[in-house]
Amino acid sequence: MAIRTIRIMGDSVLTKKCREVEEMTPKLQQLIDDMLETMYDACGVGLAAPQVGILKRIVVIDVDDNPYVLINPVILETSGSQTGSEGCLSLPGKSGIVTRPNYVKVEAYDRNMKKYVLEGTELLARCICHECEHLDGIMYVEHVEGELQDVTYDDDEE
Ligand code: NI
């Protein structure tokens, strides 16, 4: 496994539409391992392949010590709404207020290309929406209500 360089907003790779994964390969397994390691290293809760420069429809998410790999994810259903602070590893040190569905049902393939359905509420729902949008070249800043804020880190939490 290796930590990959996270692309920062302004990099054109973050504005492109990603291609579907048609078959799993050892190279993609390596990419998934690297994405998980890169996400944990950066203390993030989600990462999409374009954030490491790969234009494929692959997302990793871990909001509660349950890592999920979503390949070719399709959001089937959403309901409710939540308004809260959101950030992105491609825009370090910033956050903004974004309204998202409070419930999301998504269909995806796992790393063995087995189809499954994942349902999430609250942070998981927010994260699924945020990461899936990366696959279509959309950054959360497009949804921010008001101004982006500077994130101040609490040393006790480092
Ligand atoms: Ni992001």
# chains A, B, ... in the order shown; residues from 1 in each chain; ligands from 1
$ select_by_dssp --residues "segment 2-150 of chain A" --states "helix (DSSP H, G or I)" --output "PyMOL selection string"
chain A and resi 12-15+26-41+49-52+122-134+140-143
$ residues_around --residues "Met1 of chain A" --least-positions-apart "4" --cutoff "10 Å" --atoms "only C-alpha atoms" --output "MDAnalysis selection string"
chainID A and resid 30:38
$ residues_around --residues "Arg57 of chain A" --least-positions-apart "3" --cutoff "9 Å" --atoms "only C-alpha atoms" --output "MDAnalysis selection string"
chainID A and resid 17:21 48:50 54 70:73 132 134:136
$ residues_around --residues "segment 137-141 of chain A" --least-positions-apart "2" --cutoff "12 Å" --atoms "only C-alpha atoms" --output "ChimeraX atom specification"
/A:8-19,48-51,53-57,85-91,94-100,126-127,129-135,143-149
$ atom_distance --atom1 "atom CA of Met113 of chain A" --atom2 "atom CA of Thr78 of chain A"
23.8 Å
$ closest_residue --among "A:Ile61, A:Met24, A:Ala2, A:Leu76" --to "ligand 1" --atoms "only C-alpha atoms and all ligand atoms"
A:Ile61
$ closest_residue --among "A:Gly46, A:Val63, A:Val104, A:Thr25" --to "ligand 1" --atoms "only C-alpha atoms and all ligand atoms"
A:Gly46
$ select_by_dssp --residues "chain A" --states "strand (DSSP E)" --output "number ranges by chain"
A: 46-48, 58-61, 68-79, 82-86, 94-100, 103-109, 115-121, 145-150
$ residues_around --residues "Val69 of chain A" --least-positions-apart "5" --cutoff "7 Å" --atoms "only C-alpha atoms" --output "list in words"
Val59, Val60, Ile61, Asp110 and Arg111 of chain A
$ closest_residue --among "A:Ile75, A:Glu142, A:Thr5, A:Asp150" --to "Gly120 of chain A" --atoms "only C-alpha atoms"
A:Ile75
$ atom_distance --atom1 "atom CA of Met39 of chain A" --atom2 "atom CA of Asp62 of chain A"
8.8 Å
$ decode --residues "segment 86-98 of chain A" --atoms "all heavy atoms" --output "short mmCIF file (atom, residue, chain, number, x, y, z; two decimals), in the first residue's frame"
data_model
loop_
_atom_site.label_atom_id
_atom_site.label_comp_id
_atom_site.auth_asym_id
_atom_site.auth_seq_id
_atom_site.Cartn_x
_atom_site.Cartn_y
_atom_site.Cartn_z
N GLU A 86 -19.35 20.85 6.13
CA GLU A 86 -18.76 19.84 5.26
C GLU A 86 -17.39 20.32 4.79
O GLU A 86 -17.17 21.51 4.59
CB GLU A 86 -19.72 19.65 4.06
CG GLU A 86 -19.40 18.47 3.19
CD GLU A 86 -20.58 18.10 2.29
OE1 GLU A 86 -21.74 18.13 2.75
OE2 GLU A 86 -20.33 17.78 1.12
N GLY A 87 -16.48 19.38 4.62
CA GLY A 87 -15.16 19.71 4.11
C GLY A 87 -14.73 18.69 3.09
O GLY A 87 -15.47 17.75 2.79
N CYS A 88 -13.54 18.88 2.55
CA CYS A 88 -13.06 17.98 1.50
C CYS A 88 -11.54 17.95 1.56
O CYS A 88 -10.90 18.99 1.74
CB CYS A 88 -13.52 18.51 0.14
SG CYS A 88 -12.96 17.50 -1.24
N LEU A 89 -10.96 16.75 1.40
CA LEU A 89 -9.50 16.62 1.44
C LEU A 89 -8.84 17.37 0.28
O LEU A 89 -7.65 17.67 0.35
CB LEU A 89 -9.10 15.14 1.41
CG LEU A 89 -9.51 14.34 2.65
CD1 LEU A 89 -9.15 12.87 2.47
CD2 LEU A 89 -8.88 14.90 3.92
N SER A 90 -9.62 17.70 -0.75
CA SER A 90 -9.08 18.46 -1.88
C SER A 90 -9.16 19.97 -1.66
O SER A 90 -8.80 20.75 -2.55
CB SER A 90 -9.80 18.08 -3.18
OG SER A 90 -9.47 16.76 -3.54
N LEU A 91 -9.67 20.35 -0.49
CA LEU A 91 -9.70 21.77 -0.13
C LEU A 91 -9.36 21.88 1.35
O LEU A 91 -10.21 22.18 2.19
CB LEU A 91 -11.09 22.35 -0.43
CG LEU A 91 -11.23 23.89 -0.39
CD1 LEU A 91 -10.21 24.58 -1.27
CD2 LEU A 91 -12.63 24.28 -0.79
N PRO A 92 -8.09 21.58 1.69
CA PRO A 92 -7.72 21.48 3.10
C PRO A 92 -7.88 22.81 3.82
O PRO A 92 -7.68 23.89 3.24
CB PRO A 92 -6.26 21.04 3.07
CG PRO A 92 -5.78 21.24 1.67
CD PRO A 92 -6.98 21.27 0.78
N GLY A 93 -8.27 22.71 5.09
CA GLY A 93 -8.36 23.91 5.93
C GLY A 93 -9.62 24.72 5.74
O GLY A 93 -9.76 25.79 6.32
N LYS A 94 -10.54 24.21 4.93
CA LYS A 94 -11.79 24.95 4.70
C LYS A 94 -12.99 24.07 5.00
O LYS A 94 -12.92 22.84 4.91
CB LYS A 94 -11.89 25.38 3.22
CG LYS A 94 -10.80 26.31 2.76
CD LYS A 94 -11.03 27.72 3.25
CE LYS A 94 -9.94 28.66 2.75
NZ LYS A 94 -10.08 30.00 3.34
N SER A 95 -14.09 24.71 5.34
CA SER A 95 -15.36 24.00 5.46
C SER A 95 -16.48 24.95 5.07
O SER A 95 -16.27 26.17 4.98
CB SER A 95 -15.56 23.47 6.88
OG SER A 95 -15.84 24.54 7.75
N GLY A 96 -17.64 24.37 4.83
CA GLY A 96 -18.79 25.19 4.47
C GLY A 96 -20.08 24.49 4.82
O GLY A 96 -20.10 23.26 5.02
N ILE A 97 -21.12 25.26 4.92
CA ILE A 97 -22.43 24.71 5.27
C ILE A 97 -23.13 24.21 4.00
O ILE A 97 -23.28 24.97 3.03
CB ILE A 97 -23.31 25.77 5.97
CG1 ILE A 97 -22.63 26.29 7.24
CG2 ILE A 97 -24.70 25.22 6.26
CD1 ILE A 97 -22.42 25.24 8.32
N VAL A 98 -23.51 22.94 4.03
CA VAL A 98 -24.16 22.32 2.88
C VAL A 98 -25.39 21.55 3.35
O VAL A 98 -25.34 20.86 4.37
CB VAL A 98 -23.20 21.35 2.14
CG1 VAL A 98 -23.90 20.70 0.94
CG2 VAL A 98 -21.94 22.06 1.69
#
